[in-house]
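Chemist: Pasting a structure here, questions to come.
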There are 2 protein chains.
Amino acid sequence: MSALAEALFRPRRIARVGASADPAKLTARAQIHLHRHGFGGALFPVNPNAAEVLGEPAYPSLAAIPGPVDHAFILTGADRAIEAVEACAAKGVAVATVLADGFAEAGPAGAERQARLLAAARAGGVRLVGPNAIGLVNVAARIALSVNAVLAMEPPLPAGRTAVISHSGSLIGAILSRGAARGLGYSLLAATGNEADLGVADLLALLAEEDGTDVVLLFLETIRDPCALRAAAAKAHAAGKAVLAYRLGRSAAGAAMAVSHTGAVAGSDAAVDALLAASGIARLDTFEALIEAAPLFARARPVPAPHRAVSVLTTTGGGAALVVDRLGLAGIAAPSIRDMTLAGTDPERIADGLAAMDGDGKTDAVLAVIGSSAQFRPESSVAGVVAAAPAMRKPLAAFLAPEAPETTRLLARAGIACFRTPEAAADALRARLAWREPAAPADAQDVTEAREALAKARGPTLDEAEARSVLACLGVPVAPAHLVTDLAGLSGIPWALDYPVALKAVSAALPHKTEAGGVVLNLADRGALRAAAREMVGRLRDVPLAGLLVAPMQPGVGEALLGFRRDPQAGPVVVLGAGGVLAELMPPPVLRPAPLGAEAAAEMVAAAPLGHLRGFRGRPAGDLAALARAAAAFSRLAALAEVAEAEINPLLVKGEGEGVLALDALIVRRPR
Amino acid sequence: MSALAEALFRPRRIARVGASADPAKLTARAQIHLHRHGFGGALFPVNPNAAEVLGEPAYPSLAAIPGPVDHAFILTGADRAIEAVEACAAKGVAVATVLADGFAEAGPAGAERQARLLAAARAGGVRLVGPNAIGLVNVAARIALSVNAVLAMEPPLPAGRTAVISHSGSLIGAILSRGAARGLGYSLLAATGNEADLGVADLLALLAEEDGTDVVLLFLETIRDPCALRAAAAKAHAAGKAVLAYRLGRSAAGAAMAVSHTGAVAGSDAAVDALLAASGIARLDTFEALIEAAPLFARARPVPAPHRAVSVLTTTGGGAALVVDRLGLAGIAAPSIRDMTLAGTDPERIADGLAAMDGDGKTDAVLAVIGSSAQFRPESSVAGVVAAAPAMRKPLAAFLAPEAPETTRLLARAGIACFRTPEAAADALRARLAWREPAAPADAQDVTEAREALAKARGPTLDEAEARSVLACLGVPVAPAHLVTDLAGLSGIPWALDYPVALKAVSAALPHKTEAGGVVLNLADRGALRAAAREMVGRLRDVPLAGLLVAPMQPGVGEALLGFRRDPQAGPVVVLGAGGVLAELMPPPVLRPAPLGAEAAAEMVAAAPLGHLRGFRGRPAGDLAALARAAAAFSRLAALAEVAEAEINPLLVKGEGEGVLALDALIVRRPR
């Protein structure tokens with residue numbers, strides 16, 4: 001890994017393949033940028049048609065370069081990138097960054113080209129960044145190996161201990177320029193583009209081993225490997241680095257755009273949200289909060305059991321109200337607000353006030369709001385805040401009510417998170433308090449029995465009897481039912497049954513049994529049951545029936561829905577919400593990554609929209625502890641790679657201490 | 001009105017009462033600011049202890065000033081403000097602005113002091129701004145009549161055609177400094193403070209008659225007179241001026257802060273939202289959008305029937321995705337995105353692209369997104385946008401991905417709305433498309449009959465029979481029911497009844513009948529009814545019963561809830577949501593100002609969370625047209641000043657064409 005990190009982050013001998021000799025061309029930029037920002041290593045332009053490129057001797061081929069090459073920046077068109085990677089392999093180049101687009105983001109032909117590019121890299125032992133990647137900037141090492149237009153800025157680039165990993169190259173420019181204007185600096189900025197080989201998770205895992213970085217900002221257009229991202233985030237967390245993320249594609253329109261931009265796949269935002277939270281990655285909702293929040297997370301740990309309350313010291317009542325109101329919308333209180341408007345910005349009084357707030361056992365963080373003094377007297381307006389900051393143990397954030405860029409930079413220099421908008425300030429504080437340690441993975445469970453039950457089932461969709469059997473093997477309580485397969489004689493109906501009973505048709509071809517007349521409830525006795533069964537067999541004579549299920553009617557408090565699916569971005573997820581008829585009317589269900597540990601299952605039940613099971617309007621409450629156990633058992637479906645999706649609806653929740661019962665079950669296999 | 005506007009907005013002879021001679025004091029600032037920013041009129045410092053103030057001759061009293069005074073800025077403490085107002089009255093000063101705090105925002109004693117201040121002003125014919133008001137700045141007329149610290153900025157103040165009216169003085173500083181940095185200018189900025197006399201609505205109505213202003217920004221901490229605000233907004237709209245609002249107090253924490261800041265009263269944010277929408281006021285959700293959106297609304301009209309779609313032209317895919325994703329979250333599509341990354345910022349191609357988007361019949365607005373060129377080549381990066389803008393008929397907005405303040409100012413100079421954050425850009429476009437003409441007021445309706453029915457009722461809470469009678473008089477369809485008052489002999493039960501029936505206790509002392517055992521449903525025949533009635537009378541022997549209601553059970557599709565209340569800020573509102581048991585489980589109901597016109601009622605039904613009445617899962621749909629008519633009839637309660645709140649729950653909604661029926665009713669009078 002370390003050799004890879006060297007070649008990737010700190011190459012000393014760089015080849016530029018397809019280097020244009022025309023300084024106006026995009027592909028000339030990398031050479032200009034490297035020199036402009038002080039690259040001290042060796043640079044080898046490769047251009048078969050020129051003896052020199054921008055005043056430096058050019059080489060006709062990679063092979064012609066004397067001595068080894070650490071990193072090749074491939075600037076050719078998409079059509080010639082594959083042969084360039086092959087040349088890298090021949091030369092023994094460890095890492096190649098491929099600029100060209102026209103790969104997976106450009107439809108099936110591009111995807112096929114990307115597969116060939118990756119195959120060439122794999123065959124030759126070359127690790128790839130990109131394609132469709134604008135390059136990487138190591139600020140501390142002065143390696144501006146990128147064609148990013150933002151590198152036209154005056155050197156030196158702003159240095160700091162925040163790294164940026166982004167699918168989008170242009171957004172790196174937006175982050176760097178906005179950060180620089182605020183006095184915020186960076187250690188390393190890397191665009192991953194289409195991630196044919198090395199992706200965001202790989203770079204994050206490598207950065208976890210690097211000194212020089214405290215906070216990693218992820219600008220995500222997709223998540224291609226949720227498992228790897230979770231592992232890399234855990235590694236970064238263990239190394240004391242905080243990971244912050246902003247994700248595009250929360251809306252359908254945004255998702256569609258991400259697909260065309262870096263060939264992303266669409267996933268559910270709720271599933272991604274659950275994955276990031278479980279990974280210990282703090283998610284920001286506003287773009288500038290991603291940039292401005294970094295100091296709030298540097299060398300910090302999550303607040304273990306937050307009160308969800310912030311102390312506020314302000315020199316402007318209106319300015320503080322802007323943030324407090326927005327915090328309130330995020331469910332965060334501001335129980336103690338100290339308005340220093342009259343006391344002014346006397347540094348000692350402000351520092352004393354902040355120290356007192358730091359000692360308040362009932363709040364989690366401190367917010368300083370500065371009014372007009374920030375505009376006209378930068379130094380003195382924040383002298384108290386700057387003096388108090390080093391001794392503070394709570395997270396400290398500042399919001400400036402007026403336009404006050406100089407004061408913003410003063411605070412940045414002191415390592416204090418400073419926000420320009422009330423929205424970013426509240427968003428960052430919300431994310432800081434919502435930030436959790438990475439969730440412990442669920443204990444490994446033996447799913448052999450369930451796998452065997454699954455193997456016995458036929459067809460892409462299991463019938464209800466087969467699905468019940470798989471779920472029972474996982475430990476989900478399933479309502480007792482009798483399978484009657486003698487459809488002509490109905491000979492299998494047991495003599496002793498707890499009436500009333502429900503009768504259901506069993507067929508993989510009937511996913512919506514109720515609508516098709518495949519369910520009859522509340523049959524009072526054997527006579528009614530036999531009559532209903534005969535009618536049902538007649539009604540469904542055109543449907544391939546595996547049998548009829550006879551199940552005693554079950555009393556309970558209410559119904560829940562448990563779902564399982566594999567999200568294209570977030571991986572396996574469990575879904576929990578209201579069941580039965582209410583499912584469509586109540587608020588949307590909650591999602592969590594599967595499998596669930598016991599603690600995560602209990603948290604999920606607490607967060608789910610299950611008002612009807614919590615004893616509303618004096619009705620009895622349901623057995624939510626049993627529901628959590630069932631959710632954890634159900635979530636073990638994640639280990640059965642064959643299962644694409646599954647649903648229990650309804651899952652009957654009985655009274656406290658009485659358990660839960662799956663009344664119906666659906667399992668769908670992945671297409672082969 | 002015009003004389004008031006002159007004295008308020010363009011005073012030529014100003015007295016400063018309680019003017020400090022110490023330039024470091026807050027109260028010295030107004031004199032400094034007036035001169036600094038070029039006041040050309042006469043200024044009279046009033047100070048009994050000094051012969052001159054800041055180099056100008058001082059007067060011992062208002063009375064001692066030779067000639068008339070248009071406007072007095074009262075800078076004394078709260079304790080001496082009343083006598084200063086009395087002196088204004090004696091001198092015939094038209095308008096006084098009172099700076100001191102310590103009035104209604106400071107508890108009961110302060111409120112009492114404010115009442116005396118107002119009484120003094122009323123008695124003497126003086127119009128008041130404040131108390132707790134920082135003053136007013138007329139930029140065009142160079143009258144900086146304010147102690148606002150922002151006026152320490154270098155003259156000239158940025159002039160423009162946007163006015164700001166704010167409860168908070170310090171937020172005016174934040175708006176002015178942020179606007180100035182963006183190249184945005186203002187016509188007039190006024191803080192209203194506690195609004196003892198003149199309030200936001202009054203200033204808005206006066207501004208509606210003024211030339212020089214196209215857009216009015218309201219920064220609201222409360223709404224003290226919803227009726228006046230609606231009327232002033234309609235007046236501004238008729239004069240071709242757009243009104244934009246940002247409101248504090250959306251959260252409980254923010255509302256509490258507003259109370260302590262300018263003595264605001266807490267109201268429901270949903271009710272305020274409904275009031276602003278019906279007033280034709282565009283509400284912004286993010287603070288900077290309030291500032292940056294002004295050019296998007298200047299000299300513009302609402303989009304009559306928006307497609308909720310925006311065309312996007314961009315030189316950075318990632319930058320455009322930031323806004324498109326955020327627009328998507330607001331339900332606005334971006335069906336046509338033109339990425340010019342390769343074409344670059346060639347002005348002609350950009351102008352052509354924007355013109356084509358302007359002609360697209362399927363989108364409502366055009367968004368230009370500019371990448372790194374905005375940072376390094378301000379002029380050329382937006383030359384195409386600036387060239388295209390004058391001919392465009394659709395709203396045009398720009399978002400700059402990098403930090404690019406110079407480009408922001410270039411766009412402002414060209415009158416093009418430019419946004420620094422994707423959140424503000426999307427928020428402003430959302431508000432622009434959500435902006436509607438002020439709603440037509442509901443036709444005046446005769447409520448005499450209902451008022452008479454109300455007068456016959458006894459007690460602060462009407463019993464169900466009384467409430468049914470009031471609602472029936474308003475035109476709400478009420479389910480037929482028979483009132484039985486002979487509780488001993490039950491002689492009033494009609495012989496002919498449509499069984500099954502429901503039996504309900506009638507008592508103003510039983511607002512929760514069901515829980516108290518005052519409701520029995522589904523009584524099959526006369527025998528069962530009499531038995532249930534006897535039991536109920538026995539069960540409720542300790543409750544003062546006005547009788548029993550017998551009502552045939554009614555079949556229907558589902559239940560709705562109609563509510564009415566008077567919001568402390570938004571005034572009378574109607575509430576519509578799911579009824580019965582679902583009321584607590586389904587999404588929150590919607591609110592609209594009452595009374596409702598027919599069109600507003602239909603829109604309200606369309607917006608309400610009534611999924612269970614829209615034919616879900618193959619069930620029949622309810623009679624939503626009849627529901628809208630019932631909501632409009634119910635909303636006429638607004639005209640009965642005695643009614644504090646009312647509720648119909650459930651309102652039974654029958655099948656299409658079959659109408660609705662109020663099954664229960666509650667009316668509560670206002671405390672005398």
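By convention here, the chains of the structure tokens are called A, B, ... in the order presented, each chain's residues are numbered starting at 1, and ligands are numbered starting at 1 in the order presented.
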Show me, as a CSV table (one decimal) with all heavy atoms, in the first residue's frame, the residues of chain A whose atoms get within 7 Å of chain B, using only C-alpha atoms for the distance check.

Modeler:
chain,number,residue,atom,x,y,z
A,149,ALA,N,-8.5,23.9,-13.9
A,149,ALA,CA,-8.3,25.3,-14.2
A,149,ALA,C,-8.1,26.2,-13.0
A,149,ALA,O,-7.4,27.2,-13.1
A,149,ALA,CB,-9.6,25.9,-14.9
A,150,VAL,N,-8.5,25.7,-11.8
A,150,VAL,CA,-8.3,26.5,-10.6
A,150,VAL,C,-6.8,26.7,-10.3
A,150,VAL,O,-6.4,27.6,-9.6
A,150,VAL,CB,-9.0,25.8,-9.4
A,150,VAL,CG1,-8.2,24.5,-8.9
A,150,VAL,CG2,-9.2,26.8,-8.2
A,168,SER,N,-16.0,14.6,-9.0
A,168,SER,CA,-16.0,15.7,-10.0
A,168,SER,C,-14.7,16.5,-9.9
A,168,SER,O,-14.3,16.9,-8.8
A,168,SER,CB,-17.2,16.6,-9.8
A,168,SER,OG,-17.0,17.9,-10.3
A,170,SER,N,-14.2,19.5,-11.5
A,170,SER,CA,-14.5,20.9,-11.4
A,170,SER,C,-14.9,21.4,-10.0
A,170,SER,O,-14.6,22.5,-9.6
A,170,SER,CB,-15.5,21.3,-12.5
A,170,SER,OG,-16.8,20.7,-12.2
A,171,LEU,N,-15.6,20.5,-9.3
A,171,LEU,CA,-16.0,20.9,-7.9
A,171,LEU,C,-14.7,21.0,-7.0
A,171,LEU,O,-14.8,21.7,-6.0
A,171,LEU,CB,-17.0,19.9,-7.4
A,171,LEU,CG,-18.4,20.3,-7.6
A,171,LEU,CD1,-18.7,21.6,-7.0
A,171,LEU,CD2,-18.8,20.3,-9.0
A,173,GLY,N,-12.1,22.5,-7.9
A,173,GLY,CA,-11.8,23.9,-8.2
A,173,GLY,C,-12.7,24.8,-7.3
A,173,GLY,O,-12.3,25.8,-6.7
A,174,ALA,N,-14.0,24.5,-7.3
A,174,ALA,CA,-14.9,25.3,-6.5
A,174,ALA,C,-14.6,25.3,-5.0
A,174,ALA,O,-14.6,26.3,-4.3
A,174,ALA,CB,-16.4,24.8,-6.7
A,177,SER,N,-11.1,27.2,-4.4
A,177,SER,CA,-11.2,28.7,-4.5
A,177,SER,C,-12.0,29.3,-3.4
A,177,SER,O,-11.7,30.3,-2.8
A,177,SER,CB,-11.8,29.1,-5.9
A,177,SER,OG,-13.1,28.8,-6.0
A,178,ARG,N,-13.1,28.6,-3.0
A,178,ARG,CA,-13.9,29.1,-1.9
A,178,ARG,C,-13.2,28.9,-0.6
A,178,ARG,O,-13.2,29.8,0.3
A,178,ARG,CB,-15.3,28.3,-1.8
A,178,ARG,CG,-16.2,28.7,-3.0
A,178,ARG,CD,-17.4,27.8,-3.1
A,178,ARG,NE,-18.2,28.2,-4.2
A,178,ARG,CZ,-19.5,28.7,-4.2
A,178,ARG,NH1,-20.0,28.8,-3.0
A,178,ARG,NH2,-20.1,29.0,-5.3
A,248,LEU,N,-24.2,14.3,-4.3
A,248,LEU,CA,-25.1,14.7,-5.4
A,248,LEU,C,-26.1,13.5,-5.6
A,248,LEU,O,-25.8,12.4,-5.2
A,248,LEU,CB,-24.4,15.0,-6.7
A,248,LEU,CG,-23.8,16.4,-6.8
A,248,LEU,CD1,-23.2,16.5,-8.2
A,248,LEU,CD2,-24.8,17.4,-6.6
A,249,GLY,N,-27.2,13.8,-6.2
A,249,GLY,CA,-28.1,12.7,-6.6
A,249,GLY,C,-29.1,12.4,-5.5
A,249,GLY,O,-29.6,11.3,-5.5
A,250,ARG,N,-29.4,13.4,-4.7
A,250,ARG,CA,-30.4,13.2,-3.7
A,250,ARG,C,-31.8,13.2,-4.4
A,250,ARG,O,-32.7,12.6,-3.9
A,250,ARG,CB,-30.4,14.3,-2.6
A,250,ARG,CG,-29.1,14.2,-1.8
A,250,ARG,CD,-28.9,15.5,-1.0
A,250,ARG,NE,-28.6,16.6,-1.9
A,250,ARG,CZ,-28.2,17.8,-1.4
A,250,ARG,NH1,-28.1,18.0,-0.2
A,250,ARG,NH2,-27.8,18.7,-2.3
A,251,SER,N,-31.9,14.0,-5.4
A,251,SER,CA,-33.2,14.1,-6.2
A,251,SER,C,-33.0,13.3,-7.4
A,251,SER,O,-31.9,13.0,-7.9
A,251,SER,CB,-33.5,15.5,-6.5
A,251,SER,OG,-32.6,16.0,-7.5
A,252,ALA,N,-34.1,12.9,-8.0
A,252,ALA,CA,-34.1,12.1,-9.3
A,252,ALA,C,-33.3,12.9,-10.4
A,252,ALA,O,-32.5,12.4,-11.1
A,252,ALA,CB,-35.5,11.8,-9.7
A,253,ALA,N,-33.6,14.3,-10.4
A,253,ALA,CA,-32.9,15.1,-11.4
A,253,ALA,C,-31.4,15.1,-11.2
A,253,ALA,O,-30.6,14.9,-12.2
A,253,ALA,CB,-33.5,16.5,-11.4
A,254,GLY,N,-31.0,15.2,-10.0
A,254,GLY,CA,-29.6,15.2,-9.7
A,254,GLY,C,-29.0,13.9,-10.0
A,254,GLY,O,-27.8,13.8,-10.5
A,257,MET,N,-28.3,13.4,-13.6
A,257,MET,CA,-27.2,14.2,-14.0
A,257,MET,C,-25.8,13.5,-13.6
A,257,MET,O,-24.9,13.6,-14.4
A,257,MET,CB,-27.2,15.6,-13.4
A,257,MET,CG,-26.9,16.6,-14.4
A,257,MET,SD,-26.9,18.3,-13.9
A,257,MET,CE,-25.5,18.7,-14.9
A,261,HIS,N,-22.6,12.3,-15.9
A,261,HIS,CA,-21.3,13.1,-15.6
A,261,HIS,C,-20.2,12.1,-15.3
A,261,HIS,O,-19.1,12.2,-15.9
A,261,HIS,CB,-21.6,14.0,-14.3
A,261,HIS,CG,-20.6,15.0,-14.1
A,261,HIS,ND1,-20.1,15.3,-12.9
A,261,HIS,CD2,-20.0,15.9,-15.0
A,261,HIS,CE1,-19.2,16.3,-13.0
A,261,HIS,NE2,-19.1,16.6,-14.3
A,286,THR,N,-25.5,21.2,3.0
A,286,THR,CA,-25.3,22.4,2.1
A,286,THR,C,-23.9,22.4,1.7
A,286,THR,O,-23.0,21.9,2.4
A,286,THR,CB,-25.6,23.7,2.9
A,286,THR,OG1,-24.7,23.7,4.1
A,286,THR,CG2,-27.0,23.8,3.4
A,316,THR,N,-25.1,40.4,18.2
A,316,THR,CA,-26.2,40.8,17.4
A,316,THR,C,-27.4,39.9,17.6
A,316,THR,O,-27.3,38.7,17.2
A,316,THR,CB,-25.9,40.9,15.9
A,316,THR,OG1,-27.1,40.9,15.2
A,316,THR,CG2,-24.9,39.9,15.5
A,317,GLY,N,-28.4,40.4,18.2
A,317,GLY,CA,-29.6,39.5,18.5
A,317,GLY,C,-30.2,38.9,17.2
A,317,GLY,O,-30.5,37.8,17.1
A,318,GLY,N,-30.3,39.8,16.2
A,318,GLY,CA,-30.9,39.3,15.0
A,318,GLY,C,-30.0,38.3,14.3
A,318,GLY,O,-30.5,37.3,13.8
A,319,GLY,N,-28.7,38.5,14.3
A,319,GLY,CA,-27.8,37.6,13.7
A,319,GLY,C,-27.9,36.2,14.4
A,319,GLY,O,-27.9,35.2,13.7
A,321,ALA,N,-30.4,35.0,16.0
A,321,ALA,CA,-31.7,34.4,15.7
A,321,ALA,C,-31.7,33.7,14.4
A,321,ALA,O,-32.4,32.7,14.2
A,321,ALA,CB,-32.8,35.5,15.8
A,322,LEU,N,-31.0,34.2,13.4
A,322,LEU,CA,-30.9,33.5,12.1
A,322,LEU,C,-30.4,32.1,12.3
A,322,LEU,O,-31.0,31.2,11.6
A,322,LEU,CB,-29.9,34.2,11.2
A,322,LEU,CG,-30.3,35.5,10.5
A,322,LEU,CD1,-29.1,36.1,9.8
A,322,LEU,CD2,-31.5,35.3,9.6
A,324,VAL,N,-30.1,30.3,15.3
A,324,VAL,CA,-30.9,29.6,16.3
A,324,VAL,C,-32.2,29.1,15.6
A,324,VAL,O,-32.6,27.9,15.9
A,324,VAL,CB,-31.2,30.5,17.5
A,324,VAL,CG1,-32.3,29.9,18.4
A,324,VAL,CG2,-30.0,30.8,18.2
A,325,ASP,N,-32.8,29.9,14.8
A,325,ASP,CA,-34.1,29.5,14.1
A,325,ASP,C,-33.8,28.2,13.3
A,325,ASP,O,-34.6,27.3,13.3
A,325,ASP,CB,-34.6,30.6,13.3
A,325,ASP,CG,-36.1,30.4,12.9
A,325,ASP,OD1,-36.8,29.7,13.6
A,325,ASP,OD2,-36.5,31.0,11.9
A,328,GLY,N,-33.2,25.2,15.3
A,328,GLY,CA,-34.4,24.7,15.8
A,328,GLY,C,-35.1,23.8,14.8
A,328,GLY,O,-35.7,22.8,15.1
A,329,LEU,N,-35.1,24.2,13.5
A,329,LEU,CA,-35.7,23.4,12.4
A,329,LEU,C,-35.0,22.0,12.4
A,329,LEU,O,-35.6,21.0,11.9
A,329,LEU,CB,-35.6,24.1,11.1
A,329,LEU,CG,-36.4,25.3,10.9
A,329,LEU,CD1,-36.2,26.0,9.6
A,329,LEU,CD2,-37.9,25.0,11.1
A,333,ALA,N,-31.8,22.7,20.2
A,333,ALA,CA,-32.2,23.8,21.0
A,333,ALA,C,-31.1,24.7,21.3
A,333,ALA,O,-29.9,24.4,21.1
A,333,ALA,CB,-32.8,23.3,22.3
A,334,ALA,N,-31.4,25.9,21.7
A,334,ALA,CA,-30.4,26.9,22.1
A,334,ALA,C,-30.9,27.5,23.5
A,334,ALA,O,-31.4,28.6,23.6
A,334,ALA,CB,-30.3,28.1,21.1
A,372,SER,N,-21.7,43.7,13.4
A,372,SER,CA,-21.1,44.7,12.5
A,372,SER,C,-19.6,44.9,12.8
A,372,SER,O,-18.8,45.3,11.9
A,372,SER,CB,-21.8,46.0,12.6
A,372,SER,OG,-21.8,46.5,13.9
A,401,ALA,N,-22.5,37.9,10.9
A,401,ALA,CA,-23.7,38.4,10.3
A,401,ALA,C,-23.4,39.3,9.1
A,401,ALA,O,-24.1,39.1,8.1
A,401,ALA,CB,-24.5,39.2,11.3
A,402,PRO,N,-22.4,40.2,9.1
A,402,PRO,CA,-22.2,41.0,7.9
A,402,PRO,C,-21.2,40.3,6.9
A,402,PRO,O,-20.7,39.2,7.3
A,402,PRO,CB,-21.5,42.2,8.4
A,402,PRO,CG,-20.8,41.8,9.6
A,402,PRO,CD,-21.5,40.6,10.2
A,403,GLU,N,-21.0,40.9,5.8
A,403,GLU,CA,-20.0,40.4,4.9
A,403,GLU,C,-18.7,40.8,5.5
A,403,GLU,O,-18.4,42.0,5.8
A,403,GLU,CB,-20.1,41.2,3.5
A,403,GLU,CG,-19.1,40.8,2.5
A,403,GLU,CD,-19.6,39.5,1.7
A,403,GLU,OE1,-20.8,39.2,1.8
A,403,GLU,OE2,-18.8,38.9,1.0
A,423,GLU,N,-27.5,29.1,7.3
A,423,GLU,CA,-27.8,27.7,6.8
A,423,GLU,C,-26.6,26.8,7.0
A,423,GLU,O,-26.7,25.7,7.5
A,423,GLU,CB,-28.3,27.7,5.4
A,423,GLU,CG,-29.6,28.4,5.2
A,423,GLU,CD,-29.5,29.9,5.1
A,423,GLU,OE1,-28.4,30.4,4.8
A,423,GLU,OE2,-30.6,30.6,5.3
A,585,LEU,N,-50.1,5.2,3.5
A,585,LEU,CA,-50.6,6.5,4.0
A,585,LEU,C,-49.6,7.2,5.0
A,585,LEU,O,-49.6,8.4,5.1
A,585,LEU,CB,-52.0,6.3,4.7
A,585,LEU,CG,-53.1,5.8,3.8
A,585,LEU,CD1,-54.4,5.6,4.6
A,585,LEU,CD2,-53.3,6.8,2.6
A,586,MET,N,-48.9,6.3,5.7
A,586,MET,CA,-48.0,6.9,6.8
A,586,MET,C,-46.7,7.4,6.2
A,586,MET,O,-46.4,7.2,5.1
A,586,MET,CB,-47.8,5.9,7.9
A,586,MET,CG,-49.1,5.5,8.5
A,586,MET,SD,-49.2,5.4,10.3
A,586,MET,CE,-47.7,5.2,11.0
A,587,PRO,N,-45.9,8.1,7.1
A,587,PRO,CA,-44.6,8.6,6.6
A,587,PRO,C,-43.8,7.5,6.1
A,587,PRO,O,-44.0,6.3,6.4
A,587,PRO,CB,-44.0,9.2,7.9
A,587,PRO,CG,-45.2,9.5,8.7
A,587,PRO,CD,-46.2,8.5,8.5
A,611,GLY,N,-46.0,5.0,14.9
A,611,GLY,CA,-46.9,5.6,15.9
A,611,GLY,C,-48.0,4.7,16.3
A,611,GLY,O,-48.4,4.7,17.5

Chemist: Quick one: DSSP strand (DSSP E) residues in segment 22-143 of chain B, as a list in words?

Modeler: Ala42, Leu43, Phe44, Pro45, Val46, Glu52, Val53, Glu56, Pro57, His71, Ala72, Phe73, Ile74, Val95, Ala96, Thr97, Val98, Arg127, Leu128, Val129, Gly135, Leu136, Val137, Asn138 and Ile143 of chain B

Chemist: How many Å separate atom CA of Ala387 of chain A from atom CA of Asp358 of chain A?

Modeler: 13.4 Å

Chemist: If you count only C-alpha atoms, which residues fall within 8 Å of segment 450-454 of chain B, apart from same-chain ones fewer than 6 positions away, as a PyMOL selection string?

Modeler: chain B and resi 466-467+469-474+640

Chemist: Using only N, CA and C atoms, please write the residues we just selected to a file, as a PDB file, in the first residue's frame.

Modeler:
ATOM      1  N   GLU B 466     -75.713  22.740  19.311  1.00  0.00           N
ATOM      2  CA  GLU B 466     -75.583  24.177  19.007  1.00  0.00           C
ATOM      3  C   GLU B 466     -74.570  24.396  17.880  1.00  0.00           C
ATOM      4  N   ALA B 467     -73.454  23.675  17.964  1.00  0.00           N
ATOM      5  CA  ALA B 467     -72.408  23.841  16.943  1.00  0.00           C
ATOM      6  C   ALA B 467     -72.918  23.388  15.572  1.00  0.00           C
ATOM      7  N   SER B 469     -75.863  23.541  14.498  1.00  0.00           N
ATOM      8  CA  SER B 469     -76.805  24.526  14.000  1.00  0.00           C
ATOM      9  C   SER B 469     -76.066  25.726  13.391  1.00  0.00           C
ATOM     10  N   VAL B 470     -74.980  26.169  14.037  1.00  0.00           N
ATOM     11  CA  VAL B 470     -74.210  27.293  13.484  1.00  0.00           C
ATOM     12  C   VAL B 470     -73.613  26.894  12.132  1.00  0.00           C
ATOM     13  N   LEU B 471     -73.033  25.694  12.074  1.00  0.00           N
ATOM     14  CA  LEU B 471     -72.381  25.267  10.828  1.00  0.00           C
ATOM     15  C   LEU B 471     -73.403  25.106   9.707  1.00  0.00           C
ATOM     16  N   ALA B 472     -74.561  24.564  10.040  1.00  0.00           N
ATOM     17  CA  ALA B 472     -75.601  24.393   9.015  1.00  0.00           C
ATOM     18  C   ALA B 472     -75.997  25.751   8.446  1.00  0.00           C
ATOM     19  N   CYS B 473     -76.089  26.770   9.323  1.00  0.00           N
ATOM     20  CA  CYS B 473     -76.433  28.112   8.846  1.00  0.00           C
ATOM     21  C   CYS B 473     -75.373  28.665   7.889  1.00  0.00           C
ATOM     22  N   LEU B 474     -74.109  28.246   8.061  1.00  0.00           N
ATOM     23  CA  LEU B 474     -73.040  28.719   7.178  1.00  0.00           C
ATOM     24  C   LEU B 474     -73.041  27.979   5.844  1.00  0.00           C
ATOM     25  N   LEU B 640     -67.333  35.575  11.979  1.00  0.00           N
ATOM     26  CA  LEU B 640     -67.967  35.582  13.292  1.00  0.00           C
ATOM     27  C   LEU B 640     -66.871  35.839  14.333  1.00  0.00           C
TER      28      LEU B 640
END

Chemist: I'd like to know which of A:Gly240, A:Gly615, A:Gly556, A:Pro620 is closest to Glu437 of chain A, using only C-alpha atoms.

Modeler: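 Of the candidates, the smallest distance to Glu437 of chain A is held by A:Gly240.
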
Chemist: From segment 116-207 of chain B, collect each residue whose DSSP state is alpha helix (DSSP H) and return the set as a PyMOL selection string.

Modeler: chain B and resi 116-124+169-181+200-207

Chemist: Using only C-alpha atoms, which of the listed residues (A:Pro306, A:Gly135, A:Pro295, A:Gly124) sits closest to Tyr186 of chain A?

Modeler: A:Pro295
